[in-house]
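Coordinates from data-v8.txt are shown below (compact mmCIF, C-alpha atoms).
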# COMPACT_ATOMS: atom_id res chain seq x y z
CA MET A 1 1.80 47.94 -3.60
CA ALA A 2 0.66 44.50 -2.62
CA GLY A 3 4.21 43.13 -2.48
CA ILE A 4 5.25 45.63 0.17
CA VAL A 5 2.19 44.89 2.26
CA TYR A 6 3.05 41.18 2.25
CA LEU A 7 6.64 41.84 3.26
CA ARG A 8 5.44 43.75 6.30
CA GLU A 9 2.91 41.17 7.29
CA PRO A 10 3.80 39.66 10.67
CA VAL A 11 5.06 36.10 10.47
CA ASP A 12 2.27 34.57 12.56
CA GLU A 13 -0.45 36.23 10.49
CA ARG A 14 1.24 35.05 7.33
CA LEU A 15 1.27 31.52 8.69
CA THR A 16 -2.35 31.69 9.75
CA ARG A 17 -3.35 32.82 6.28
CA ALA A 18 -1.36 29.99 4.70
CA ARG A 19 -2.91 27.47 7.07
CA ILE A 20 -6.44 28.65 6.28
CA ALA A 21 -5.71 28.41 2.55
CA ALA A 22 -4.23 24.90 2.80
CA ALA A 23 -6.94 23.67 5.15
CA SER A 24 -9.64 24.73 2.69
CA VAL A 25 -8.59 22.07 0.17
CA CYS A 26 -11.01 19.16 -0.06
CA ASP A 27 -10.23 15.53 -0.72
CA PRO A 28 -11.00 14.87 -4.40
CA GLU A 29 -12.55 11.47 -3.65
CA VAL A 30 -14.45 12.39 -0.50
CA PRO A 31 -15.31 15.99 -1.32
CA VAL A 32 -17.16 16.68 1.95
CA LEU A 33 -13.91 16.39 3.88
CA THR A 34 -11.10 18.91 3.89
CA ILE A 35 -7.56 17.59 4.08
CA GLU A 36 -7.52 18.96 7.62
CA ASP A 37 -10.61 16.89 8.60
CA LEU A 38 -8.86 13.84 7.17
CA GLY A 39 -5.60 14.42 8.99
CA VAL A 40 -3.76 14.53 5.67
CA LEU A 41 -2.59 18.10 6.34
CA ARG A 42 0.33 17.66 8.74
CA ASP A 43 2.05 21.03 8.94
CA VAL A 44 2.20 24.53 7.54
CA ARG A 45 5.49 26.33 8.13
CA LEU A 46 7.85 28.91 6.73
CA ALA A 47 10.87 27.60 4.86
CA GLY A 48 12.94 30.72 4.25
CA GLU A 49 10.89 32.91 1.97
CA ALA A 50 8.59 30.09 1.00
CA VAL A 51 5.55 28.68 2.71
CA GLU A 52 5.85 24.94 3.09
CA VAL A 53 2.83 22.68 3.46
CA VAL A 54 3.40 19.10 4.59
CA ILE A 55 0.88 16.44 3.63
CA THR A 56 0.83 12.67 4.15
CA PRO A 57 -0.87 9.99 2.04
CA THR A 58 -3.65 7.88 3.51
CA TYR A 59 -2.44 4.78 1.60
CA SER A 60 0.90 4.24 -0.20
CA GLY A 61 -0.81 4.09 -3.54
CA CYS A 62 -3.41 6.80 -2.95
CA PRO A 63 -3.93 8.29 -6.43
CA ALA A 64 -5.40 11.49 -4.94
CA MET A 65 -2.07 12.75 -3.60
CA ASP A 66 -0.93 14.43 -6.82
CA MET A 67 -4.28 16.14 -7.09
CA ILE A 68 -4.16 17.28 -3.45
CA SER A 69 -0.61 18.65 -3.90
CA LEU A 70 -1.74 20.60 -6.93
CA GLN A 71 -4.81 21.98 -5.18
CA VAL A 72 -2.80 23.05 -2.12
CA ASP A 73 -0.36 24.81 -4.41
CA LEU A 74 -3.20 26.59 -6.20
CA ALA A 75 -4.88 27.57 -2.93
CA LEU A 76 -1.63 29.12 -1.69
CA GLU A 77 -1.13 30.97 -4.97
CA LYS A 78 -4.65 32.32 -4.74
CA ALA A 79 -3.91 33.50 -1.21
CA GLY A 80 -0.99 35.50 -2.60
CA PHE A 81 1.99 33.32 -1.75
CA ALA A 82 4.53 33.55 -4.53
CA ALA A 83 7.08 31.16 -3.02
CA ARG A 84 5.51 27.90 -1.90
CA LYS A 85 6.34 24.26 -1.55
CA VAL A 86 4.25 21.15 -0.92
CA THR A 87 6.15 18.33 0.77
CA LEU A 88 5.05 14.73 1.05
CA SER A 89 5.86 13.05 4.35
CA LEU A 90 5.46 9.33 5.11
CA SER A 91 6.34 9.38 8.79
CA PRO A 92 4.53 9.11 11.11
CA ALA A 93 2.20 6.94 9.02
CA TRP A 94 -1.31 8.30 8.60
CA THR A 95 -3.98 6.82 10.82
CA THR A 96 -7.75 7.29 10.94
CA ASP A 97 -7.21 8.38 14.57
CA TRP A 98 -6.21 11.76 13.11
CA MET A 99 -9.60 12.28 11.54
CA THR A 100 -11.42 15.07 13.37
CA GLU A 101 -14.76 14.47 15.09
CA ALA A 102 -16.28 17.09 12.78
CA GLY A 103 -14.86 15.14 9.85
CA LYS A 104 -16.44 11.89 11.07
CA GLU A 105 -19.80 13.59 11.40
CA LYS A 106 -19.53 15.04 7.87
CA LEU A 107 -18.71 11.58 6.55
CA ARG A 108 -21.76 10.06 8.20
CA ALA A 109 -24.01 12.80 6.84
CA TYR A 110 -22.56 12.15 3.39
CA GLY A 111 -23.50 8.45 3.60
CA ILE A 112 -20.11 6.97 4.45
CA ALA A 113 -19.76 5.17 7.78
CA PRO A 114 -16.83 6.74 9.67
CA PRO A 115 -14.03 4.55 11.11
CA VAL A 116 -15.06 2.71 14.26
CA GLY A 117 -12.62 2.40 17.16
CA ARG A 118 -8.94 3.22 17.35
CA ALA A 119 -6.35 2.11 14.82
CA LYS A 120 -4.26 0.35 17.46
CA GLY A 121 -7.26 -1.49 18.85
CA ARG A 122 -8.33 -5.04 18.25
CA GLY A 123 -10.80 -3.97 15.58
CA ALA A 124 -8.13 -2.78 13.18
CA LEU A 125 -6.30 -6.09 13.42
CA PHE A 126 -9.14 -8.59 13.38
CA GLY A 127 -11.90 -6.61 11.79
CA VAL A 128 -15.04 -5.31 13.40
CA ASP A 129 -18.43 -6.93 13.24
CA GLU A 130 -20.57 -3.93 13.97
CA ILE A 131 -20.63 -0.84 11.79
CA PRO A 132 -23.76 1.30 12.23
CA CYS A 133 -25.54 2.09 8.97
CA PRO A 134 -24.90 5.74 8.03
CA HIS A 135 -28.40 5.96 6.51
CA CYS A 136 -30.73 4.50 9.15
CA GLY A 137 -28.41 3.97 12.11
CA SER A 138 -29.18 0.26 12.38
CA ALA A 139 -26.46 -2.04 13.72
CA GLU A 140 -27.81 -4.85 11.54
CA THR A 141 -25.14 -4.55 8.87
CA GLU A 142 -22.82 -6.92 7.07
CA ARG A 143 -19.56 -6.63 5.17
CA VAL A 144 -19.74 -7.28 1.44
CA SER A 145 -16.07 -6.75 0.66
CA GLU A 146 -12.92 -5.65 2.45
CA PHE A 147 -12.19 -3.35 -0.47
CA GLY A 148 -14.51 -0.71 -1.87
CA SER A 149 -14.51 2.13 -4.35
CA THR A 150 -11.22 3.55 -3.03
CA ALA A 151 -8.32 2.10 -1.06
CA CYS A 152 -9.56 3.72 2.16
CA LYS A 153 -13.05 2.23 2.07
CA ALA A 154 -14.74 -1.16 2.45
CA LEU A 155 -18.12 -2.15 1.07
CA TRP A 156 -20.94 -2.87 3.54
CA ARG A 157 -24.67 -3.31 3.38
CA CYS A 158 -27.49 -2.67 5.85
CA ARG A 159 -29.88 -5.52 6.54
CA ALA A 160 -32.49 -3.17 8.01
CA CYS A 161 -32.85 -0.52 5.29
CA ARG A 162 -31.24 -2.66 2.56
CA GLU A 163 -28.95 0.14 1.45
CA PRO A 164 -25.34 -0.60 0.52
CA PHE A 165 -22.78 1.81 1.98
CA ASP A 166 -19.07 2.57 2.11
CA TYR A 167 -17.23 2.17 5.40
CA PHE A 168 -14.11 4.27 5.93
CA LYS A 169 -11.65 1.64 7.15
CA CYS A 170 -9.92 2.06 10.48
CA ILE A 171 -6.15 1.87 9.99
CA MET B 1 28.78 -1.62 -7.94
CA GLN B 2 25.65 -1.24 -5.88
CA THR B 3 25.83 -0.48 -2.19
CA PRO B 4 24.08 -3.07 0.02
CA LEU B 5 21.43 -0.49 0.96
CA LEU B 6 20.62 0.16 -2.70
CA THR B 7 20.36 -3.55 -3.54
CA TYR B 8 18.17 -4.15 -0.50
CA THR B 9 15.86 -1.24 -1.29
CA LEU B 10 15.55 -2.38 -4.91
CA ARG B 11 14.62 -5.88 -3.76
CA LEU B 12 11.78 -4.46 -1.70
CA ALA B 13 10.72 -2.19 -4.56
CA ASP B 14 10.86 -4.87 -7.24
CA ASN B 15 8.85 -7.35 -5.14
CA ALA B 16 6.12 -4.76 -4.72
CA LEU B 17 6.08 -3.63 -8.36
CA VAL B 18 6.06 -7.09 -9.92
CA LEU B 19 3.39 -8.41 -7.56
CA GLY B 20 1.38 -5.21 -8.07
CA HIS B 21 1.55 -5.72 -11.83
CA ARG B 22 0.41 -9.34 -11.55
CA LEU B 23 -2.56 -8.24 -9.44
CA SER B 24 -3.39 -5.44 -11.87
CA GLU B 25 -3.71 -8.02 -14.66
CA TRP B 26 -6.98 -9.05 -13.00
CA CYS B 27 -8.54 -5.64 -13.52
CA GLY B 28 -11.73 -6.29 -15.48
CA HIS B 29 -11.29 -10.07 -15.15
CA GLY B 30 -12.16 -10.71 -11.49
CA PRO B 31 -14.61 -13.53 -10.75
CA MET B 32 -17.08 -10.96 -9.41
CA LEU B 33 -17.26 -7.19 -9.17
CA GLU B 34 -16.27 -6.97 -5.49
CA GLU B 35 -13.25 -9.15 -6.08
CA ASP B 36 -12.26 -7.21 -9.17
CA LEU B 37 -12.18 -4.09 -6.98
CA ALA B 38 -10.31 -5.89 -4.20
CA LEU B 39 -7.58 -7.14 -6.55
CA ALA B 40 -7.20 -3.70 -8.14
CA ASN B 41 -7.00 -2.12 -4.67
CA MET B 42 -4.30 -4.54 -3.57
CA ALA B 43 -2.44 -3.85 -6.81
CA LEU B 44 -2.63 -0.14 -6.07
CA ASP B 45 -1.21 -0.65 -2.57
CA CYS B 46 1.71 -2.66 -3.97
CA ILE B 47 2.46 -0.15 -6.70
CA GLY B 48 2.30 2.68 -4.16
CA GLN B 49 4.75 0.82 -1.94
CA ALA B 50 7.02 0.27 -4.97
CA ARG B 51 6.97 4.01 -5.74
CA ASN B 52 8.12 4.84 -2.21
CA PHE B 53 10.96 2.32 -2.33
CA TYR B 54 12.05 3.31 -5.88
CA THR B 55 12.12 7.00 -5.01
CA TYR B 56 14.38 6.20 -2.09
CA ALA B 57 16.54 3.85 -4.20
CA GLY B 58 17.04 6.66 -6.73
CA GLU B 59 18.20 8.97 -3.94
CA ILE B 60 20.59 6.37 -2.49
CA GLU B 61 22.09 5.80 -5.92
CA GLY B 62 22.51 9.53 -6.43
CA LYS B 63 22.57 9.44 -10.23
CA GLY B 64 19.35 11.29 -10.70
CA ARG B 65 17.25 8.25 -11.61
CA SER B 66 13.57 8.67 -10.76
CA GLU B 67 11.08 6.06 -9.63
CA ASP B 68 9.90 5.81 -13.24
CA ASP B 69 13.43 5.31 -14.59
CA LEU B 70 13.93 2.43 -12.18
CA ALA B 71 10.60 0.80 -12.96
CA TYR B 72 10.54 1.29 -16.72
CA LEU B 73 14.13 1.39 -17.91
CA ARG B 74 15.87 -1.56 -16.29
CA ASP B 75 16.14 -4.97 -17.92
CA CYS B 76 15.30 -8.34 -16.40
CA ASP B 77 18.69 -9.06 -14.95
CA ALA B 78 18.64 -5.78 -13.01
CA PHE B 79 15.43 -6.78 -11.23
CA ARG B 80 15.86 -8.19 -7.72
CA ASN B 81 12.39 -9.52 -6.90
CA ILE B 82 11.82 -13.03 -5.60
CA LEU B 83 10.60 -15.56 -8.17
CA LEU B 84 7.31 -16.08 -6.31
CA VAL B 85 5.91 -12.72 -7.41
CA GLU B 86 6.72 -13.10 -11.11
CA ARG B 87 4.85 -16.41 -11.55
CA PRO B 88 2.03 -15.84 -14.08
CA ARG B 89 -1.23 -14.96 -12.36
CA GLY B 90 -2.79 -18.40 -12.99
CA ASP B 91 -6.38 -18.89 -11.89
CA PHE B 92 -8.06 -17.09 -9.00
CA ALA B 93 -6.98 -19.76 -6.49
CA PHE B 94 -3.36 -19.31 -7.56
CA THR B 95 -3.47 -15.51 -7.28
CA ILE B 96 -5.18 -15.57 -3.88
CA LEU B 97 -2.90 -18.23 -2.46
CA ARG B 98 0.21 -16.37 -3.61
CA GLN B 99 -1.13 -13.19 -2.02
CA PHE B 100 -1.74 -15.06 1.21
CA LEU B 101 1.73 -16.67 1.34
CA TYR B 102 3.33 -13.30 0.56
CA ALA B 103 1.23 -11.20 2.94
CA ALA B 104 1.60 -13.71 5.79
CA PHE B 105 5.33 -13.11 5.45
CA MET B 106 5.39 -9.41 4.61
CA HIS B 107 3.02 -8.28 7.35
CA PRO B 108 5.29 -9.32 10.23
CA TYR B 109 8.38 -8.48 8.16
CA PHE B 110 7.40 -4.86 7.62
CA GLU B 111 6.23 -4.63 11.21
CA ARG B 112 9.80 -5.37 12.30
CA LEU B 113 11.35 -3.27 9.54
CA SER B 114 9.44 -0.26 10.84
CA ALA B 115 12.01 -0.25 13.67
CA SER B 116 14.90 -0.05 11.18
CA LYS B 117 17.76 2.31 11.97
CA ASP B 118 17.29 3.66 8.46
CA GLU B 119 14.57 6.24 9.04
CA ARG B 120 13.31 6.23 5.49
CA LEU B 121 12.92 2.44 5.30
CA ALA B 122 11.27 2.52 8.72
CA ALA B 123 8.77 5.14 7.52
CA ILE B 124 7.87 3.25 4.34
CA ALA B 125 7.59 -0.02 6.29
CA ALA B 126 5.27 1.54 8.88
CA LYS B 127 3.03 2.72 6.05
CA THR B 128 3.16 -0.63 4.27
CA VAL B 129 2.38 -2.81 7.28
CA LYS B 130 -1.12 -1.37 7.59
CA GLU B 131 -1.87 -2.29 4.00
CA MET B 132 -0.42 -5.79 4.32
CA ALA B 133 -2.74 -6.44 7.27
CA TYR B 134 -5.69 -6.06 4.92
CA HIS B 135 -4.10 -8.17 2.20
CA LEU B 136 -3.47 -10.92 4.73
CA ARG B 137 -6.98 -10.88 6.11
CA HIS B 138 -8.64 -10.74 2.73
CA SER B 139 -6.54 -13.47 1.12
CA ALA B 140 -6.76 -15.74 4.18
CA GLU B 141 -10.55 -15.55 4.09
CA TRP B 142 -10.53 -16.58 0.44
CA VAL B 143 -8.09 -19.43 1.01
CA ILE B 144 -10.50 -20.84 3.60
CA ARG B 145 -13.51 -20.28 1.36
CA LEU B 146 -11.87 -22.01 -1.61
CA GLY B 147 -10.37 -24.89 0.38
CA ASP B 148 -13.59 -25.55 2.26
CA GLY B 149 -15.72 -24.82 -0.80
CA THR B 150 -16.55 -27.08 -3.72
CA GLU B 151 -14.59 -30.05 -4.94
CA GLU B 152 -13.28 -27.96 -7.82
CA SER B 153 -12.22 -24.95 -5.73
CA ALA B 154 -10.44 -27.24 -3.25
CA ALA B 155 -8.65 -29.10 -6.05
CA ARG B 156 -7.54 -25.87 -7.69
CA LEU B 157 -6.26 -24.50 -4.39
CA GLN B 158 -4.31 -27.67 -3.66
CA GLU B 159 -2.82 -27.58 -7.14
CA ALA B 160 -1.81 -23.94 -6.70
CA LEU B 161 -0.18 -24.83 -3.41
CA ALA B 162 1.92 -27.56 -5.03
CA ASP B 163 3.04 -25.02 -7.66
CA LEU B 164 3.78 -22.19 -5.25
CA TRP B 165 5.34 -23.90 -2.27
CA PRO B 166 8.84 -24.34 -3.82
CA PHE B 167 8.91 -20.56 -4.33
CA THR B 168 8.37 -19.69 -0.66
CA GLY B 169 11.91 -20.53 0.45
CA GLU B 170 13.36 -17.46 -1.25
CA MET B 171 11.50 -15.15 1.11
CA PHE B 172 13.72 -16.37 3.94
CA GLU B 173 17.06 -16.18 2.11
CA VAL B 174 19.79 -13.95 3.47
CA ASP B 175 22.99 -13.25 1.54
CA GLU B 176 26.16 -11.29 2.32
CA THR B 177 24.56 -8.05 1.18
CA GLU B 178 21.71 -8.40 3.58
CA ARG B 179 23.74 -9.87 6.42
CA ALA B 180 25.74 -6.64 6.73
CA LEU B 181 22.55 -4.58 6.84
CA ILE B 182 20.99 -6.89 9.42
CA GLU B 183 24.04 -6.49 11.64
CA ALA B 184 23.82 -2.72 11.24
CA GLY B 185 20.18 -2.75 12.36
CA VAL B 186 19.00 -1.52 8.97
CA ALA B 187 17.48 -4.74 7.62
CA PHE B 188 15.74 -7.48 9.50
CA ASP B 189 16.57 -11.19 9.52
CA PRO B 190 13.60 -13.04 7.99
CA ALA B 191 14.59 -16.24 9.82
CA GLY B 192 13.12 -14.65 12.94
CA ILE B 193 9.61 -14.67 11.53
CA ARG B 194 9.61 -18.13 9.99
CA PRO B 195 7.87 -19.77 12.99
CA LEU B 196 5.23 -17.05 12.95
CA TRP B 197 4.75 -17.39 9.19
CA LEU B 198 4.38 -21.17 9.44
CA ASP B 199 1.92 -20.76 12.29
CA THR B 200 -0.25 -18.37 10.24
CA VAL B 201 -0.08 -20.70 7.24
CA ASP B 202 -0.93 -23.78 9.29
CA ARG B 203 -3.85 -22.15 11.07
CA VAL B 204 -5.42 -20.93 7.84
CA PHE B 205 -4.73 -24.21 6.03
CA ALA B 206 -6.37 -26.14 8.89
CA ASP B 207 -9.55 -24.10 8.38
CA ALA B 208 -9.20 -24.50 4.61
CA LEU B 209 -8.88 -28.28 5.02
CA ILE B 210 -5.67 -28.43 3.01
CA SER B 211 -2.25 -29.54 4.11
CA ARG B 212 1.07 -27.90 3.55
CA PRO B 213 3.66 -29.82 1.50
CA GLY B 214 6.92 -30.81 3.13
CA ASP B 215 9.87 -28.50 2.54
CA GLY B 216 11.76 -29.96 -0.38
CA TRP B 217 14.07 -28.24 -2.81
CA MET B 218 13.36 -24.53 -3.04
CA GLN B 219 13.64 -22.30 -6.10
CA THR B 220 16.14 -19.47 -5.87
CA GLY B 221 17.80 -16.77 -7.98
CA GLY B 222 15.48 -13.79 -8.33
CA ARG B 223 17.19 -11.77 -5.63
CA ARG B 224 20.45 -12.12 -7.58
CA GLY B 225 18.84 -11.16 -10.89
CA GLU B 226 18.38 -14.71 -12.23
CA HIS B 227 14.79 -14.80 -13.37
CA SER B 228 12.33 -17.07 -15.11
CA GLU B 229 11.18 -16.23 -18.63
CA HIS B 230 7.94 -14.89 -17.13
CA LEU B 231 9.54 -11.68 -15.89
CA GLY B 232 10.61 -10.79 -19.42
CA HIS B 233 7.06 -11.07 -20.69
CA LEU B 234 5.78 -9.07 -17.75
CA LEU B 235 8.30 -6.28 -18.35
CA ALA B 236 7.54 -6.24 -22.07
CA ASP B 237 3.99 -5.36 -21.09
CA LEU B 238 4.87 -3.01 -18.23
CA GLN B 239 7.66 -1.14 -20.01
CA PHE B 240 6.35 -1.01 -23.56
CA MET B 241 5.30 2.64 -23.63
CA GLN B 242 8.55 4.01 -22.22
CA ARG B 243 10.62 1.77 -24.49
CA ALA B 244 8.66 2.65 -27.63
CA TYR B 245 8.18 6.33 -26.81
CA PRO B 246 11.01 7.32 -24.45
CA GLY B 247 10.09 10.09 -22.05
CA SER B 248 6.42 10.10 -22.98
CA THR B 249 4.05 11.46 -20.34
CA TRP B 250 0.30 11.63 -20.01
Render the structure in this file as structure tokens.
Amino acid sequence: MAGIVYLREPVDERLTRARIAAASVCDPEVPVLTIEDLGVLRDVRLAGEAVEVVITPTYSGCPAMDMISLQVDLALEKAGFAARKVTLSLSPAWTTDWMTEAGKEKLRAYGIAPPVGRAKGRGALFGVDEIPCPHCGSAETERVSEFGSTACKALWRCRACREPFDYFKCI
Amino acid sequence: MQTPLLTYTLRLADNALVLGHRLSEWCGHGPMLEEDLALANMALDCIGQARNFYTYAGEIEGKGRSEDDLAYLRDCDAFRNILLVERPRGDFAFTILRQFLYAAFMHPYFERLSASKDERLAAIAAKTVKEMAYHLRHSAEWVIRLGDGTEESAARLQEALADLWPFTGEMFEVDETERALIEAGVAFDPAGIRPLWLDTVDRVFADALISRPGDGWMQTGGRRGEHSEHLGHLLADLQFMQRAYPGSTW
């Protein structure tokens, strides 16, 4: 009986399984990144009988949050968790500093320039002038617009290879 | 009778929603594709901020009203936004200048509010301040470009400034409701950031080659629920679906 097996499962193994399930969910707008790569997945914990997954939005108006909540819920259900809860947390506010190094590399390979510098640095406040092109690596790039295809990205273009590209803004 | 915290939270929410709606009116009408995207992105930020504040307002009130109930099912006189944000969107110079005047105020305001003793307001403010930094930078760049641009762009910007300036005073108003919250460390006194706001405005205007009007009589009333006719038209648009088909979802 599957139910009995789950009841006997040690707490830490149960948590690990829940974490793996939640961490497998990808961002619907940047599908090469998992929510763990992005730093959107904040916590996986047990809340009584239920597994609770805490996520945080990248931007206040991020339209992907409902989708991510739904996908986390589905992933947990698929992993056999009957009682589950997805909680949205605003504090501490998400920062690109939480993006994993692996995540940044995946972004670059996908054609999106990863955030440059630290969110608290001068660059985040005054803007940065040098974003390496994710296609050819050239530093000869220029900003086309502060706002791109999603709230988290700006639009840039490379003067060397002439390709336009998205830059994941540092906030 | 609303508690001061509820009124204050609704003011923050209503400012964000109404300005977000005005920005969203540009969707598909921007002067160029990049700017169309930028205006829609800023609208999305504002509406996201409004959702956070409305959700909290509903919880403070404790009557089970959701963010949607507060946005879609209140009439004009229940709205507490400043008059600046409900002005019709005007031309591009008007929209950009309003965004600049607002963001130059809201960026430092939310920065300070993120130290509020009310944890929830502090959390929403900390989230919001990052977005306002972008709005400020983007709109300031455009103010300079328009002011130092062609004869027509400069004239339109100067005209927008004459229209908008009398609406900036309301950002710095403090009433009894807010005074109590400021003393309790929950709200923040906007008077403290006026020098900073003026400094930002003056620096950008100097680059834009335009000059700021003197402070004359300032418009007031929105924060008490006394609005211009424009809010009614805006709400008619915003609330139509929920009024015509109550409870509809999609």
Tell me, counting all atoms listed in the file, for each residue of chain A within 8 Å of chain B, which pair of atoms is nearest and how far apart they are in Å to one decimal, in rows ordered by chain and increasing number, as CSV.
residue,atom,partner,partner_atom,distance
A:Tyr59,CA,B:Asp45,CA,7.0
A:Ser60,CA,B:Gly48,CA,4.5
A:Gly61,CA,B:Gly48,CA,3.5
A:Cys62,CA,B:Gly48,CA,7.1
A:Leu90,CA,B:Ala123,CA,5.9
A:Ser91,CA,B:Ala123,CA,5.0
A:Pro92,CA,B:Ala123,CA,6.8
A:Ala93,CA,B:Lys127,CA,5.2
A:Trp94,CA,B:Lys127,CA,7.5
A:Leu125,CA,B:Ala133,CA,7.1
A:Phe126,CA,B:Arg137,CA,7.9
A:Val144,CA,B:Glu34,CA,7.8
A:Ser145,CA,B:Glu34,CA,6.2
A:Glu146,CA,B:His138,CA,6.7
A:Phe147,CA,B:Ala38,CA,4.9
A:Gly148,CA,B:Leu37,CA,6.6
A:Ser149,CA,B:Leu37,CA,7.1
A:Thr150,CA,B:Asn41,CA,7.3
A:Ala151,CA,B:Asn41,CA,5.7
A:Ile171,CA,B:Lys130,CA,6.4
Selection export as a PDB file, keeping the file's coordinate frame, atoms kept: C-alpha atoms:
ATOM      1  CA  TYR A  59      -2.440   4.780   1.600  1.00  0.00           C
ATOM      2  CA  SER A  60       0.900   4.240  -0.200  1.00  0.00           C
ATOM      3  CA  GLY A  61      -0.810   4.090  -3.540  1.00  0.00           C
ATOM      4  CA  CYS A  62      -3.410   6.800  -2.950  1.00  0.00           C
ATOM      5  CA  LEU A  90       5.460   9.330   5.110  1.00  0.00           C
ATOM      6  CA  SER A  91       6.340   9.380   8.790  1.00  0.00           C
ATOM      7  CA  PRO A  92       4.530   9.110  11.110  1.00  0.00           C
ATOM      8  CA  ALA A  93       2.200   6.940   9.020  1.00  0.00           C
ATOM      9  CA  TRP A  94      -1.310   8.300   8.600  1.00  0.00           C
ATOM     10  CA  LEU A 125      -6.300  -6.090  13.420  1.00  0.00           C
ATOM     11  CA  PHE A 126      -9.140  -8.590  13.380  1.00  0.00           C
ATOM     12  CA  VAL A 144     -19.740  -7.280   1.440  1.00  0.00           C
ATOM     13  CA  SER A 145     -16.070  -6.750   0.660  1.00  0.00           C
ATOM     14  CA  GLU A 146     -12.920  -5.650   2.450  1.00  0.00           C
ATOM     15  CA  PHE A 147     -12.190  -3.350  -0.470  1.00  0.00           C
ATOM     16  CA  GLY A 148     -14.510  -0.710  -1.870  1.00  0.00           C
ATOM     17  CA  SER A 149     -14.510   2.130  -4.350  1.00  0.00           C
ATOM     18  CA  THR A 150     -11.220   3.550  -3.030  1.00  0.00           C
ATOM     19  CA  ALA A 151      -8.320   2.100  -1.060  1.00  0.00           C
ATOM     20  CA  ILE A 171      -6.150   1.870   9.990  1.00  0.00           C
TER      21      ILE A 171
END
Open item on the list: I'd like the contact shell of Arg212 (chain B) - 12 Å cut-off, only C-alpha atoms, skipping same-chain residues fewer than 3 positions apart - returned as number ranges by chain.
Closed with: B: 101, 157-166, 168, 198-206, 208-209, 215-216
Task: Nearest to Leu74 (chain A) by atom-to-atom distance, counting all atoms listed in the file, from A:Leu155, A:Ala21, A:Val44, A:Leu15 - done: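 Of all the options, A:Ala21 lies closest to Leu74 (chain A).
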TODO: Write out as number ranges by chain each polymer residue whose atoms come within 6 Å of region 46-55 of chain A, counting only C-alpha atoms; drop sequence neighbours fewer than 5 positions from it.
DONE: A: 40-41, 83-88
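We find CA of Ile82 (chain B) and CA of Gln2 (chain B) to be spaced 18.2 Å apart.
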Task: All residues 10 Å or closer to region 30-32 of chain A, only C-alpha atoms, same chain fewer than 5 positions away omitted, as JSON, numbers by chain - done: {"A": [25, 37, 38, 103, 106, 107, 109, 110, 112, 150]}
- [ ] List the neighbours of Thr141 (chain A) out to 10 Å using all atoms listed in the file; skip same-chain residues closer than 5 positions along the sequence, and give me the result as a list in words.
- [x] Asp129, Glu130, Ile131, Pro132, Cys133, Trp156, Arg157, Cys158, Arg159, Ala160, Cys161, Arg162, Glu163, Pro164 and Phe165 of chain A
Task: Å distance separating CA of Gln219 (chain B) from CA of Phe167 (chain B), one decimal place - done: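 According to the coordinates, CA of Gln219 (chain B) and CA of Phe167 (chain B) are separated by 5.3 Å.
The space between CA of Arg65 (chain B) and CA of Leu23 (chain B) spans 25.9 Å.
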Task: Which residue of A:Gly111, A:Arg45, A:Ser89, A:Ala22 approaches Leu70 (chain A) most closely, using all atoms listed in the file - done: A:Ala22
Task: Surrounding residues of region 243-246 of chain B excluding itself and chain neighbours under 3 positions, 12 Å, only C-alpha atoms, as a PyMOL selection string - done: chain B and resi 68-69+71-75+235-240+249-250
Using C-alpha atoms, can you write the selected residues to a file as a CSV table (one decimal), keeping the file's coordinate frame?
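Done, and the output landed in result20.csv:
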chain,number,residue,atom,x,y,z
B,68,ASP,CA,9.9,5.8,-13.2
B,69,ASP,CA,13.4,5.3,-14.6
B,71,ALA,CA,10.6,0.8,-13.0
B,72,TYR,CA,10.5,1.3,-16.7
B,73,LEU,CA,14.1,1.4,-17.9
B,74,ARG,CA,15.9,-1.6,-16.3
B,75,ASP,CA,16.1,-5.0,-17.9
B,235,LEU,CA,8.3,-6.3,-18.4
B,236,ALA,CA,7.5,-6.2,-22.1
B,237,ASP,CA,4.0,-5.4,-21.1
B,238,LEU,CA,4.9,-3.0,-18.2
B,239,GLN,CA,7.7,-1.1,-20.0
B,240,PHE,CA,6.4,-1.0,-23.6
B,249,THR,CA,4.0,11.5,-20.3
B,250,TRP,CA,0.3,11.6,-20.0
- [ ] Step by step: start from the point (11.7, -14.3, -4.0) in the file's coordinates, keep every protein, DNA or RNA residue that has an atom no farther than 7 Å from it, count all atoms listed in the file, and write the set as a list in words.
- [x]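 Residues satisfying the cut-off, written out: Asn81, Ile82, Leu83, Leu84, Val85, Phe167, Glu170, Met171, Gly222 and Arg223 of chain B.
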- [ ] Would you list the residues near (11.6, -8.5, -8.0) (no more than 10 Å away, in the coordinates of the file, using all atoms listed in the file) as an MDAnalysis selection string?
- [x] chainID B and resid 10:19 76:86 222:225 227 231
